[in-house]
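*Asks:* Sending over final_2.tsv (TSV, C-alpha atoms and all ligand atoms).
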chain	number	residue	atom	x	y	z
A	1	MET	CA	0.00	0.00	0.00
A	2	LYS	CA	1.39	3.43	-0.94
A	3	THR	CA	1.84	5.94	1.89
A	4	ALA	CA	1.23	9.68	1.66
A	5	LEU	CA	1.47	12.70	3.93
A	6	VAL	CA	-0.90	15.59	3.19
A	7	CYS	CA	0.35	18.85	4.76
A	8	GLY	CA	-2.50	21.32	5.22
A	9	ALA	CA	-5.05	18.48	5.36
A	10	GLY	CA	-7.32	20.60	7.55
A	11	GLY	CA	-7.70	23.08	4.69
A	12	PHE	CA	-9.66	23.20	1.44
A	13	ILE	CA	-7.41	21.54	-1.17
A	14	GLY	CA	-5.62	19.31	1.36
A	15	GLY	CA	-8.94	17.95	2.64
A	16	HIS	CA	-10.07	17.07	-0.88
A	17	MET	CA	-6.69	15.45	-1.59
A	18	VAL	CA	-6.99	13.22	1.49
A	19	LYS	CA	-10.34	11.95	0.18
A	20	ARG	CA	-8.94	11.34	-3.29
A	21	LEU	CA	-5.90	9.42	-2.04
A	22	LYS	CA	-8.08	7.28	0.23
A	23	ASP	CA	-10.33	6.50	-2.76
A	24	GLU	CA	-7.20	5.39	-4.62
A	25	GLY	CA	-6.23	3.01	-1.80
A	26	TYR	CA	-3.41	4.95	-0.16
A	27	TRP	CA	-2.53	4.93	3.54
A	28	VAL	CA	-2.82	8.65	4.34
A	29	ARG	CA	-1.61	10.83	7.21
A	30	GLY	CA	-2.89	14.38	7.39
A	31	VAL	CA	-1.25	17.19	9.32
A	32	ASP	CA	-2.55	20.66	10.01
A	33	ILE	CA	-2.42	23.29	12.70
A	34	LYS	CA	-6.23	23.03	12.90
A	35	GLN	CA	-8.98	20.45	12.39
A	36	HIS	CA	-10.96	20.51	9.13
A	37	GLU	CA	-13.94	22.84	9.61
A	38	PHE	CA	-16.34	21.25	7.13
A	39	CYS	CA	-15.86	17.46	7.03
A	40	ASP	CA	-14.66	14.38	8.90
A	41	LEU	CA	-11.43	13.53	7.14
A	42	PRO	CA	-11.08	9.86	6.15
A	43	ALA	CA	-7.31	9.94	6.88
A	44	ASP	CA	-5.72	6.89	8.54
A	45	ASP	CA	-3.88	9.24	10.87
A	46	PHE	CA	-4.27	12.95	11.55
A	47	VAL	CA	-1.78	15.01	13.51
A	48	GLN	CA	-2.78	18.43	14.72
A	49	GLY	CA	0.57	20.19	14.74
A	50	ASP	CA	2.51	23.22	13.59
A	51	LEU	CA	4.77	22.65	10.59
A	52	ARG	CA	6.82	25.72	11.56
A	53	ASP	CA	8.21	23.46	14.28
A	54	PRO	CA	10.92	21.11	12.91
A	55	GLU	CA	10.15	18.55	15.64
A	56	VAL	CA	6.56	18.25	14.44
A	57	VAL	CA	7.79	17.87	10.88
A	58	ALA	CA	10.22	15.13	11.93
A	59	ARG	CA	7.35	13.33	13.71
A	60	VAL	CA	4.93	13.34	10.74
A	61	ILE	CA	7.36	12.31	7.97
A	62	ASP	CA	8.19	8.60	8.15
A	63	GLU	CA	11.37	7.07	6.77
A	64	GLY	CA	10.87	6.16	3.11
A	65	MET	CA	7.32	7.50	2.84
A	66	ASP	CA	6.16	7.36	-0.79
A	67	GLU	CA	4.63	10.81	-1.30
A	68	ILE	CA	4.17	14.21	0.33
A	69	TYR	CA	1.60	16.81	-0.76
A	70	GLN	CA	2.63	20.21	0.65
A	71	PHE	CA	-0.45	22.46	0.78
A	72	ALA	CA	0.16	24.11	4.16
A	73	ALA	CA	0.43	27.89	3.87
A	74	ASP	CA	-0.85	31.07	5.45
A	75	MET	CA	-3.30	31.77	2.71
A	76	GLY	CA	-6.45	33.62	1.70
A	77	GLY	CA	-8.19	35.61	-1.00
A	78	ALA	CA	-7.54	39.23	-1.98
A	79	GLY	CA	-8.89	40.50	1.36
A	80	PHE	CA	-6.14	38.59	3.17
A	81	VAL	CA	-3.14	38.56	0.84
A	82	PHE	CA	-3.44	41.99	-0.78
A	83	SER	CA	-4.38	44.15	2.21
A	84	GLY	CA	-0.68	44.50	3.10
A	85	GLU	CA	-1.40	43.87	6.78
A	86	ASN	CA	-0.43	40.18	6.73
A	87	ASP	CA	2.74	40.34	4.59
A	88	ALA	CA	5.27	39.53	7.31
A	89	THR	CA	3.30	36.65	8.83
A	90	ILE	CA	2.49	35.14	5.43
A	91	MET	CA	6.18	35.14	4.44
A	92	HIS	CA	7.38	33.90	7.82
A	93	ASN	CA	4.80	31.16	8.35
A	94	SER	CA	4.67	29.73	4.84
A	95	ALA	CA	8.45	29.84	4.30
A	96	LEU	CA	9.06	28.02	7.61
A	97	CYS	CA	6.62	25.23	6.63
A	98	ASN	CA	8.39	24.80	3.29
A	99	LEU	CA	11.93	25.01	4.72
A	100	ASN	CA	11.15	22.33	7.31
A	101	VAL	CA	9.19	19.98	5.07
A	102	VAL	CA	11.59	19.87	2.13
A	103	HIS	CA	14.60	19.40	4.41
A	104	GLU	CA	13.01	16.52	6.33
A	105	ALA	CA	11.79	14.93	3.07
A	106	VAL	CA	15.40	14.55	1.96
A	107	ARG	CA	16.57	13.32	5.38
A	108	LYS	CA	13.85	10.63	5.38
A	109	LYS	CA	14.40	9.65	1.72
A	110	VAL	CA	10.80	10.37	0.72
A	111	GLY	CA	9.87	9.11	-2.77
A	112	LYS	CA	8.43	12.35	-4.17
A	113	ILE	CA	6.94	15.65	-3.10
A	114	PHE	CA	4.29	17.97	-4.55
A	115	TYR	CA	4.48	21.72	-3.91
A	116	SER	CA	1.48	24.03	-4.39
A	117	SER	CA	2.65	27.32	-5.87
A	118	SER	CA	0.39	30.06	-7.19
A	119	ALA	CA	-0.49	32.27	-10.15
A	120	CYS	CA	0.58	35.05	-7.77
A	121	VAL	CA	4.22	34.39	-8.82
A	122	TYR	CA	3.64	36.06	-12.21
A	123	PRO	CA	4.81	39.65	-12.79
A	124	GLU	CA	2.36	42.42	-12.04
A	125	ASP	CA	3.20	44.40	-15.21
A	126	ILE	CA	1.76	41.71	-17.54
A	127	GLN	CA	-1.52	41.68	-15.56
A	128	MET	CA	-2.46	45.36	-15.87
A	129	GLU	CA	-5.27	44.89	-18.42
A	130	THR	CA	-8.60	43.13	-17.99
A	131	SER	CA	-8.04	41.34	-21.32
A	132	ASN	CA	-5.21	39.06	-20.14
A	133	PRO	CA	-4.40	36.53	-22.91
A	134	GLY	CA	-3.13	33.97	-20.38
A	135	LEU	CA	-0.01	33.62	-18.27
A	136	LYS	CA	2.54	31.16	-19.64
A	137	GLU	CA	4.88	29.38	-17.25
A	138	SER	CA	7.87	31.10	-18.89
A	139	ASP	CA	6.36	34.56	-18.19
A	140	VAL	CA	7.50	34.36	-14.57
A	141	TYR	CA	10.93	35.97	-15.21
A	142	PRO	CA	12.01	38.73	-14.88
A	143	ALA	CA	10.21	38.33	-11.57
A	144	ARG	CA	7.96	41.01	-10.13
A	145	PRO	CA	5.03	39.45	-8.25
A	146	ASP	CA	2.53	41.99	-6.92
A	147	SER	CA	2.40	40.54	-3.38
A	148	GLU	CA	4.71	39.20	-0.69
A	149	TYR	CA	2.60	36.01	-0.83
A	150	GLY	CA	3.72	35.65	-4.47
A	151	TRP	CA	7.38	36.29	-3.61
A	152	GLU	CA	7.30	33.57	-0.93
A	153	LYS	CA	5.79	31.14	-3.45
A	154	LEU	CA	8.53	31.96	-5.95
A	155	PHE	CA	11.26	31.58	-3.32
A	156	SER	CA	9.83	28.19	-2.30
A	157	GLU	CA	9.53	27.00	-5.92
A	158	ARG	CA	13.24	27.75	-6.29
A	159	MET	CA	14.08	26.07	-3.00
A	160	TYR	CA	12.30	22.82	-4.01
A	161	ALA	CA	14.16	22.96	-7.35
A	162	ALA	CA	17.47	23.42	-5.50
A	163	TYR	CA	16.76	20.38	-3.29
A	164	HIS	CA	16.10	18.42	-6.47
A	165	ARG	CA	19.40	19.52	-8.05
A	166	ASN	CA	21.57	19.12	-4.96
A	167	PHE	CA	19.98	16.11	-3.22
A	168	GLY	CA	18.06	14.31	-5.98
A	169	LEU	CA	14.63	14.80	-4.35
A	170	GLU	CA	11.82	14.10	-6.85
A	171	ILE	CA	9.69	17.24	-6.96
A	172	HIS	CA	6.48	18.25	-8.77
A	173	ILE	CA	5.29	21.88	-8.72
A	174	ALA	CA	2.01	23.42	-9.88
A	175	ARG	CA	0.90	27.04	-9.97
A	176	PHE	CA	-2.76	27.03	-8.97
A	177	HIS	CA	-5.07	29.67	-10.45
A	178	ASN	CA	-7.84	30.49	-7.96
A	179	ILE	CA	-9.31	27.13	-6.95
A	180	PHE	CA	-12.90	27.04	-5.68
A	181	GLY	CA	-15.60	24.62	-4.60
A	182	PRO	CA	-17.44	23.12	-1.63
A	183	GLU	CA	-15.61	22.89	1.71
A	184	GLY	CA	-13.52	25.99	1.00
A	185	THR	CA	-13.43	29.09	3.19
A	186	TRP	CA	-16.60	31.08	2.52
A	187	THR	CA	-16.58	33.74	5.24
A	188	GLY	CA	-14.29	35.38	7.80
A	189	GLY	CA	-11.98	37.42	5.54
A	190	ARG	CA	-9.90	34.73	3.81
A	191	GLU	CA	-12.58	33.69	1.30
A	192	LYS	CA	-11.90	34.13	-2.43
A	193	ALA	CA	-14.23	35.74	-4.94
A	194	PRO	CA	-16.33	32.67	-5.98
A	195	ALA	CA	-17.27	31.80	-2.38
A	196	ALA	CA	-17.68	35.48	-1.50
A	197	MET	CA	-20.08	36.04	-4.42
A	198	CYS	CA	-22.06	32.91	-3.54
A	199	ARG	CA	-22.32	34.04	0.09
A	200	LYS	CA	-23.30	37.61	-0.74
A	201	VAL	CA	-25.94	36.46	-3.22
A	202	ALA	CA	-27.30	33.86	-0.77
A	203	GLU	CA	-27.57	36.56	1.91
A	204	ALA	CA	-29.15	39.17	-0.41
A	205	GLU	CA	-32.88	39.88	-0.56
A	206	GLU	CA	-34.62	39.53	-3.93
A	207	GLY	CA	-33.70	42.76	-5.78
A	208	GLY	CA	-31.11	43.61	-3.09
A	209	GLU	CA	-27.55	44.89	-3.33
A	210	VAL	CA	-24.37	42.82	-3.59
A	211	GLU	CA	-21.10	44.61	-2.78
A	212	ILE	CA	-18.16	44.17	-5.17
A	213	TRP	CA	-14.67	45.46	-4.41
A	214	GLY	CA	-13.54	47.91	-7.09
A	215	ASP	CA	-15.36	48.43	-10.39
A	216	GLY	CA	-15.84	44.69	-10.85
A	217	GLU	CA	-14.31	44.82	-14.32
A	218	GLN	CA	-11.16	43.05	-13.04
A	219	THR	CA	-10.88	39.54	-14.48
A	220	ARG	CA	-9.80	36.13	-13.20
A	221	SER	CA	-10.20	32.46	-14.11
A	222	PHE	CA	-11.45	30.01	-11.49
A	223	LEU	CA	-10.80	26.28	-11.38
A	224	TYR	CA	-13.17	23.82	-9.74
A	225	ILE	CA	-11.58	21.68	-7.02
A	226	ASP	CA	-12.13	18.29	-8.73
A	227	GLU	CA	-10.06	19.33	-11.74
A	228	CYS	CA	-7.36	20.78	-9.47
A	229	ILE	CA	-7.04	17.44	-7.65
A	230	GLU	CA	-7.05	15.55	-10.96
A	231	GLY	CA	-4.26	17.78	-12.30
A	232	VAL	CA	-2.13	17.31	-9.18
A	233	ARG	CA	-2.50	13.53	-9.25
A	234	ARG	CA	-1.60	13.41	-12.96
A	235	LEU	CA	1.43	15.62	-12.35
A	236	MET	CA	2.56	13.43	-9.44
A	237	GLU	CA	2.25	10.29	-11.58
A	238	SER	CA	4.28	11.87	-14.40
A	239	ASP	CA	7.99	12.55	-14.79
A	240	VAL	CA	7.27	16.29	-15.14
A	241	MET	CA	8.73	18.49	-12.42
A	242	GLY	CA	6.95	21.64	-13.55
A	243	PRO	CA	6.16	24.29	-12.59
A	244	LEU	CA	2.91	23.82	-14.54
A	245	ASN	CA	-0.16	26.04	-14.44
A	246	ILE	CA	-3.16	24.23	-13.01
A	247	GLY	CA	-5.94	26.63	-13.81
A	248	SER	CA	-8.93	27.30	-16.01
A	249	ASP	CA	-8.61	29.44	-19.14
A	250	GLU	CA	-12.23	30.61	-18.93
A	251	MET	CA	-11.73	34.22	-17.89
A	252	ILE	CA	-14.58	36.23	-16.39
A	253	SER	CA	-15.03	39.65	-14.76
A	254	ILE	CA	-16.02	39.75	-11.09
A	255	ASN	CA	-19.23	41.58	-12.05
A	256	ASP	CA	-20.17	38.68	-14.32
A	257	LEU	CA	-19.18	36.16	-11.64
A	258	ALA	CA	-21.61	37.83	-9.21
A	259	LEU	CA	-24.35	37.85	-11.88
A	260	MET	CA	-23.70	34.17	-12.57
A	261	ALA	CA	-24.19	33.37	-8.87
A	262	ALA	CA	-27.41	35.39	-8.88
A	263	GLU	CA	-28.70	33.59	-11.97
A	264	ILE	CA	-27.97	30.22	-10.34
A	265	ALA	CA	-29.82	31.41	-7.22
A	266	GLY	CA	-32.74	32.66	-9.34
A	267	LYS	CA	-32.46	36.12	-7.76
A	268	SER	CA	-32.23	39.53	-9.32
A	269	ILE	CA	-29.55	41.67	-7.65
A	270	ARG	CA	-27.99	45.13	-7.98
A	271	LEU	CA	-24.20	45.42	-7.94
A	272	LYS	CA	-22.77	48.01	-5.57
A	273	HIS	CA	-19.11	48.88	-6.15
A	274	VAL	CA	-17.13	49.66	-3.01
A	275	PRO	CA	-13.41	50.19	-2.24
A	276	GLY	CA	-11.47	47.03	-1.33
A	277	PRO	CA	-8.25	45.13	-2.01
A	278	LEU	CA	-8.03	44.44	-5.74
A	279	GLY	CA	-4.81	42.62	-6.70
A	280	VAL	CA	-3.99	42.49	-10.38
A	281	ARG	CA	-6.35	43.89	-13.03
A	282	GLY	CA	-6.56	40.80	-15.24
A	283	ARG	CA	-5.40	37.20	-14.83
A	284	ASN	CA	-5.93	34.05	-16.85
A	285	SER	CA	-4.23	30.67	-17.13
A	286	GLU	CA	-2.49	29.61	-20.35
A	287	ASN	CA	-2.71	25.85	-20.68
A	288	THR	CA	-0.53	24.86	-23.63
A	289	ARG	CA	2.23	23.47	-21.44
A	290	ILE	CA	0.06	21.27	-19.23
A	291	GLU	CA	-1.63	19.87	-22.34
A	292	GLN	CA	1.78	19.13	-23.91
A	293	LYS	CA	3.32	17.64	-20.79
A	294	LEU	CA	0.40	15.70	-19.30
A	295	GLY	CA	-1.91	15.23	-22.31
A	296	TRP	CA	-4.64	16.71	-20.11
A	297	ARG	CA	-6.05	20.13	-19.28
A	298	PRO	CA	-9.01	21.42	-17.28
A	299	VAL	CA	-12.15	21.70	-19.42
A	300	GLN	CA	-15.14	21.99	-17.09
A	301	PRO	CA	-17.24	25.15	-17.60
A	302	LEU	CA	-17.14	27.61	-14.70
A	303	ARG	CA	-20.92	27.60	-14.48
A	304	LYS	CA	-21.00	23.89	-13.51
A	305	GLY	CA	-18.60	24.39	-10.62
A	306	MET	CA	-20.42	27.53	-9.51
A	307	GLU	CA	-23.71	25.63	-9.35
A	308	LYS	CA	-22.22	23.07	-6.94
A	309	THR	CA	-20.44	25.77	-4.95
A	310	TYR	CA	-23.54	27.96	-4.66
A	311	ARG	CA	-25.52	24.99	-3.38
A	312	TRP	CA	-22.91	24.28	-0.68
A	313	VAL	CA	-22.35	27.91	0.36
A	314	GLY	CA	-26.13	28.43	0.44
A	315	GLU	CA	-26.41	25.56	2.95
A	316	GLN	CA	-23.66	27.09	5.11
A	317	VAL	CA	-25.45	30.47	5.07
A	318	ARG	CA	-28.76	28.86	6.06
A	319	GLU	CA	-27.11	26.87	8.88
A	320	SER	CA	-25.09	29.81	10.24
B	1	LIG	P1	-6.33	26.61	3.02
B	1	LIG	O1	-6.03	27.83	3.81
B	1	LIG	O2	-7.72	26.10	3.02
B	1	LIG	O3	-5.36	25.42	3.47
B	1	LIG	C1	-4.06	25.63	3.95
B	1	LIG	C2	-3.95	24.88	5.26
B	1	LIG	O4	-2.61	25.03	5.77
B	1	LIG	C3	-4.90	25.42	6.35
B	1	LIG	O5	-5.77	24.41	6.81
B	1	LIG	C4	-3.96	25.88	7.45
B	1	LIG	O6	-4.45	25.67	8.77
B	1	LIG	C5	-2.72	25.04	7.17
B	1	LIG	N1	-1.55	25.64	7.79
B	1	LIG	C6	-1.17	26.93	7.74
B	1	LIG	N2	-0.07	27.11	8.49
B	1	LIG	C7	0.24	25.90	9.03
B	1	LIG	C8	1.25	25.46	9.92
B	1	LIG	N3	2.16	26.32	10.40
B	1	LIG	N4	1.27	24.16	10.29
B	1	LIG	C9	0.33	23.30	9.83
B	1	LIG	N5	-0.67	23.67	8.99
B	1	LIG	C10	-0.71	24.96	8.60
B	1	LIG	O7	-5.83	26.92	1.53
B	1	LIG	P2	-6.06	26.08	0.20
B	1	LIG	O8	-6.95	26.89	-0.66
B	1	LIG	O9	-6.40	24.69	0.52
B	1	LIG	O10	-4.60	26.16	-0.44
B	1	LIG	C11	-3.69	25.07	-0.36
B	1	LIG	C12	-2.36	25.48	-0.97
B	1	LIG	O11	-2.54	25.87	-2.33
B	1	LIG	C13	-1.71	26.68	-0.28
B	1	LIG	O12	-0.31	26.50	-0.26
B	1	LIG	C14	-2.06	27.83	-1.17
B	1	LIG	O13	-1.15	28.90	-1.08
B	1	LIG	C15	-2.01	27.16	-2.53
B	1	LIG	N6	-2.84	27.88	-3.52
B	1	LIG	C16	-4.19	27.87	-3.37
B	1	LIG	C17	-4.96	28.58	-4.28
B	1	LIG	C18	-6.46	28.62	-4.17
B	1	LIG	O14	-7.08	29.30	-4.98
B	1	LIG	N7	-7.07	27.91	-3.22
B	1	LIG	C19	-4.36	29.28	-5.33
B	1	LIG	C20	-2.98	29.26	-5.43
B	1	LIG	C21	-2.22	28.54	-4.52
B	2	LIG	N1	-12.40	37.76	-2.04
B	2	LIG	C1	-13.18	38.70	-2.58
B	2	LIG	N2	-14.33	39.08	-1.94
B	2	LIG	N3	-12.81	39.28	-3.74
B	2	LIG	C2	-13.62	40.22	-4.26
B	2	LIG	C3	-14.81	40.63	-3.65
B	2	LIG	C4	-15.19	40.02	-2.43
B	2	LIG	O1	-16.22	40.32	-1.83
B	2	LIG	N4	-15.38	41.58	-4.43
B	2	LIG	C5	-14.58	41.75	-5.48
B	2	LIG	N5	-13.50	40.95	-5.38
B	2	LIG	C6	-12.37	40.93	-6.32
B	2	LIG	C7	-11.02	41.19	-5.67
B	2	LIG	O2	-10.86	42.56	-5.42
B	2	LIG	C8	-10.08	40.67	-6.76
B	2	LIG	O3	-9.85	41.67	-7.69
B	2	LIG	C9	-10.90	39.53	-7.41
B	2	LIG	O4	-12.24	39.67	-6.92
B	2	LIG	C10	-10.41	38.15	-7.06
B	2	LIG	O5	-10.26	38.07	-5.66
B	2	LIG	P1	-9.87	36.71	-4.90
B	2	LIG	O6	-10.61	35.58	-5.49
B	2	LIG	O7	-10.06	36.98	-3.44
B	2	LIG	O8	-8.30	36.58	-5.10
B	2	LIG	P2	-7.27	36.70	-6.35
B	2	LIG	O9	-7.75	35.99	-7.56
B	2	LIG	O10	-6.94	38.14	-6.54
B	2	LIG	O11	-6.04	35.93	-5.73
B	2	LIG	C11	-6.28	34.62	-5.25
B	2	LIG	O12	-5.87	33.66	-6.18
B	2	LIG	C12	-4.52	33.36	-6.22
B	2	LIG	C13	-4.24	32.30	-7.27
B	2	LIG	O13	-4.82	32.62	-8.49
B	2	LIG	C14	-5.68	34.49	-3.87
B	2	LIG	O14	-6.39	33.48	-3.15
B	2	LIG	C15	-4.26	34.12	-3.87
B	2	LIG	O15	-3.87	33.77	-2.55
B	2	LIG	C16	-4.07	32.94	-4.83
B	2	LIG	O16	-2.75	32.51	-4.84
What does this structure look like when you write it as structure tokens?
Ligand code: NAD
Ligand code: GDD
*Replies:*
Amino acid sequence: MKTALVCGAGGFIGGHMVKRLKDEGYWVRGVDIKQHEFCDLPADDFVQGDLRDPEVVARVIDEGMDEIYQFAADMGGAGFVFSGENDATIMHNSALCNLNVVHEAVRKKVGKIFYSSSACVYPEDIQMETSNPGLKESDVYPARPDSEYGWEKLFSERMYAAYHRNFGLEIHIARFHNIFGPEGTWTGGREKAPAAMCRKVAEAEEGGEVEIWGDGEQTRSFLYIDECIEGVRRLMESDVMGPLNIGSDEMISINDLALMAAEIAGKSIRLKHVPGPLGVRGRNSENTRIEQKLGWRPVQPLRKGMEKTYRWVGEQVRES
């Protein structure tokens, strides 16, 4: 039986990965500083511990473990990562998790490791227009991410690559482009736009107002969680180190995302534009490389994922 450690198993993507690996017959240990808020994890073992502590990391990584999935990070949507107020803690906390995990993975001769990087590594100056044609993996240099969160991701990408070169560790790196779906953060300040729009629409009266940060013309692409997990598993089974984009290339404005949520809900709403953290003006994933390297790319329409997400967020709103 293959063994895997999922770091950040108490979070959104890590929780879904635990379920997927269990479905595939793995023995799975999860580790997170907190319990999962939205589900009972089917992990064989779960350690509540802080990956900034090297002793915890040494305890959760077994000698010769087959695979590690490193999702643990101090992370959130625009309200968390672009406000500027959390820059130091994001860099400190996420870098420490990565420094400890990659080092121990080599010491314990782990088979392979996945690292979750982000579209936030790409330079700000090629994301100034709403009509972004798509960010290619090679666009990352010369580097100029627009957030400290992005700089930490880029540093860690390079660190994993260095451990591969110097110690022969098998690494696989993906740059996620805004992943969404059920069992993701939907309130509290760290939620990303899809969950935020679902929540605001679910809370709105018929004909009521929904607040959008900025003019709402800023664009993004959003990838449903099932395709994210599929992409990661395919990357891990391949001989491709990456970094590869794992993202949708269906770009949409935030205004249209809110209207899509309202249409799914069967409500008419009015958009109210208010000041808020914005991030880049336009972002989209370019998927030529993943198609070439893995013979696979995400294809599911955004609307399908939003329907499932609205249903789940709506339940959370009703139960809260
Ligand atoms: P998440 O916040 O739901 O999950 C991250 C988990 O890491 C959380 O449960 C958190 O408690 C845990 N964690 C943080 N610090 C820790 C520590 N010191 N010790 C142990 N656990 C700790 O986020 P997510 O959306 O599941 O993202 C997973 C990974 O993917 C992150 O590295 C994130 O930066 C990256 N990523 C996500 C997206 C996205 O849109 N969700 C986009 C790009 C990159
Ligand atoms: N979260 C949120 N909530 N965003 C809103 C809202 C709202 O109520 N209203 C408008 N927006 C706008 C934001 O201002 C931003 O321009 C856009 O929606 C997208 O916001 P998010 O989904 O929060 O984040 P992001 O796409 O800018 O960045 C996220 O994705 C990266 C990967 O693509 C972050 O989660 C990063 O941490 C992640 O790495």
*Asks:* List every residue of chain A that has an atom at most 6 Å from any atom of ligand LIG 1 (chain B), giving for each one its closest atom pair and the distance in Å to one decimal, counting all atoms listed in the file, sorted by chain and then by ascending residue number, as a tab-separated table.
*Replies:*
residue	atom	partner	partner_atom	distance
A:Gly8	CA	B:LIG1	O4	3.8
A:Gly10	CA	B:LIG1	O5	4.2
A:Gly11	CA	B:LIG1	O5	3.2
A:Phe12	CA	B:LIG1	O9	3.7
A:Ile13	CA	B:LIG1	O9	3.7
A:Gly14	CA	B:LIG1	O9	5.5
A:Asp32	CA	B:LIG1	N5	3.7
A:Ile33	CA	B:LIG1	C9	4.0
A:Lys34	CA	B:LIG1	O6	5.2
A:Gly49	CA	B:LIG1	C9	5.8
A:Asp50	CA	B:LIG1	N4	3.6
A:Leu51	CA	B:LIG1	N4	3.8
A:Arg52	CA	B:LIG1	N3	4.8
A:Phe71	CA	B:LIG1	C12	4.0
A:Ala72	CA	B:LIG1	O4	3.3
A:Ala73	CA	B:LIG1	C6	4.3
A:Asp74	CA	B:LIG1	C6	4.7
A:Met75	CA	B:LIG1	O1	4.9
A:Asn93	CA	B:LIG1	N3	5.9
A:Cys97	CA	B:LIG1	N3	5.9
A:Ser116	CA	B:LIG1	O11	4.9
A:Ser117	CA	B:LIG1	C21	5.2
A:Ser118	CA	B:LIG1	C20	3.9
A:Phe176	CA	B:LIG1	C20	4.2
A:His177	CA	B:LIG1	C19	5.2
A:Asn178	CA	B:LIG1	O14	3.3
A:Ile179	CA	B:LIG1	O14	3.7
*Asks:* Within 8 Å of ligand LIG 2 (chain B), which residues of chain A show up? Give each one with its shortest atom-to-atom distance in Å (one decimal) and the two atoms involved, counting only C-alpha atoms and all ligand atoms, rows by chain then rising residue number, as a Markdown table.
*Replies:*
| residue | atom | partner | partner_atom | distance |
| --- | --- | --- | --- | --- |
| A:Met75 | CA | B:LIG2 | O15 | 5.7 |
| A:Gly76 | CA | B:LIG2 | O14 | 4.9 |
| A:Gly77 | CA | B:LIG2 | O7 | 3.4 |
| A:Ala78 | CA | B:LIG2 | O7 | 3.7 |
| A:Gly79 | CA | B:LIG2 | N1 | 5.6 |
| A:Phe80 | CA | B:LIG2 | O15 | 7.8 |
| A:Val81 | CA | B:LIG2 | O15 | 5.9 |
| A:Phe82 | CA | B:LIG2 | O10 | 7.8 |
| A:Ser117 | CA | B:LIG2 | O16 | 7.6 |
| A:Ser118 | CA | B:LIG2 | O16 | 4.6 |
| A:Ala119 | CA | B:LIG2 | O13 | 4.7 |
| A:Cys120 | CA | B:LIG2 | O16 | 5.1 |
| A:Tyr149 | CA | B:LIG2 | O15 | 7.1 |
| A:Gly150 | CA | B:LIG2 | O16 | 7.2 |
| A:Arg175 | CA | B:LIG2 | C13 | 7.8 |
| A:Phe176 | CA | B:LIG2 | C13 | 5.7 |
| A:His177 | CA | B:LIG2 | O13 | 3.6 |
| A:Asn178 | CA | B:LIG2 | O13 | 3.7 |
| A:Ile179 | CA | B:LIG2 | C13 | 7.2 |
| A:Gly189 | CA | B:LIG2 | N1 | 7.6 |
| A:Arg190 | CA | B:LIG2 | N1 | 7.0 |
| A:Glu191 | CA | B:LIG2 | N1 | 5.3 |
| A:Lys192 | CA | B:LIG2 | O7 | 3.5 |
| A:Ala193 | CA | B:LIG2 | O6 | 3.7 |
| A:Pro194 | CA | B:LIG2 | O6 | 6.4 |
| A:Ala195 | CA | B:LIG2 | N1 | 7.7 |
| A:Ala196 | CA | B:LIG2 | N2 | 4.9 |
| A:Met197 | CA | B:LIG2 | O1 | 6.3 |
| A:Lys200 | CA | B:LIG2 | O1 | 7.7 |
| A:Glu211 | CA | B:LIG2 | O1 | 6.6 |
| A:Ile212 | CA | B:LIG2 | N4 | 3.9 |
| A:Trp213 | CA | B:LIG2 | C5 | 3.9 |
| A:Gly214 | CA | B:LIG2 | O2 | 6.2 |
| A:Gly216 | CA | B:LIG2 | C5 | 6.3 |
| A:Gln218 | CA | B:LIG2 | O3 | 5.7 |
| A:Thr219 | CA | B:LIG2 | C9 | 7.1 |
| A:Arg220 | CA | B:LIG2 | O9 | 6.0 |
| A:Ser221 | CA | B:LIG2 | O13 | 7.8 |
| A:Phe222 | CA | B:LIG2 | O13 | 7.7 |
| A:Ile254 | CA | B:LIG2 | O4 | 5.6 |
| A:Gly276 | CA | B:LIG2 | O2 | 6.1 |
| A:Pro277 | CA | B:LIG2 | O2 | 5.0 |
| A:Leu278 | CA | B:LIG2 | O2 | 3.4 |
| A:Gly279 | CA | B:LIG2 | O10 | 5.0 |
| A:Val280 | CA | B:LIG2 | O3 | 6.5 |
| A:Arg281 | CA | B:LIG2 | O3 | 6.8 |
| A:Arg283 | CA | B:LIG2 | O9 | 7.7 |
*Asks:* Applying 8 Å and all atoms listed in the file, which residues near Lys308 in chain A remain after dropping the ones on its own chain fewer than 3 positions away? List them as a PyMOL selection string.
*Replies:* chain A and resi 181-182+304-305+311-312
*Asks:* Suppose you want the space between CA of Ile246 in chain A and CA of Ile68 in chain A; what is it in Å?
*Replies:*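 These two atoms are separated by 18.2 Å.
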*Asks:* Residues near Gln316 in chain A, anyone? I mean within 12 Å using all atoms listed in the file, not counting same-chain ones fewer than 5 positions away, as a ChimeraX atom specification.
*Replies:* /A:37-38,182-187,195,198-199,202-203,309-311
*Asks:* Fewer than 6 positions away in the same chain doesn't count, so skip those; otherwise give me all residues within 10 Å of Asp239 in chain A, counting all atoms listed in the file, as a list in words.
*Replies:*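 The neighbour list is Glu170, Ile171, His172, Lys293 and Leu294 of chain A.
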*Asks:* Between CA of Ala161 in chain A and CA of Glu148 in chain A, what is the distance in Å, rounded to a tenth?
*Replies:*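 CA of Glu148 in chain A lies at a distance of 19.9 Å from CA of Ala161 in chain A.
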*Asks:* Please determine, counting all atoms listed in the file, which residue among A:Val121, A:Ala262, A:Val18, A:Val106 has the shortest atom-to-atom distance to His164 in chain A.
*Replies:*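 Of A:Val121, A:Ala262, A:Val18, A:Val106, the one nearest His164 in chain A is A:Val106, counting all atoms listed in the file.
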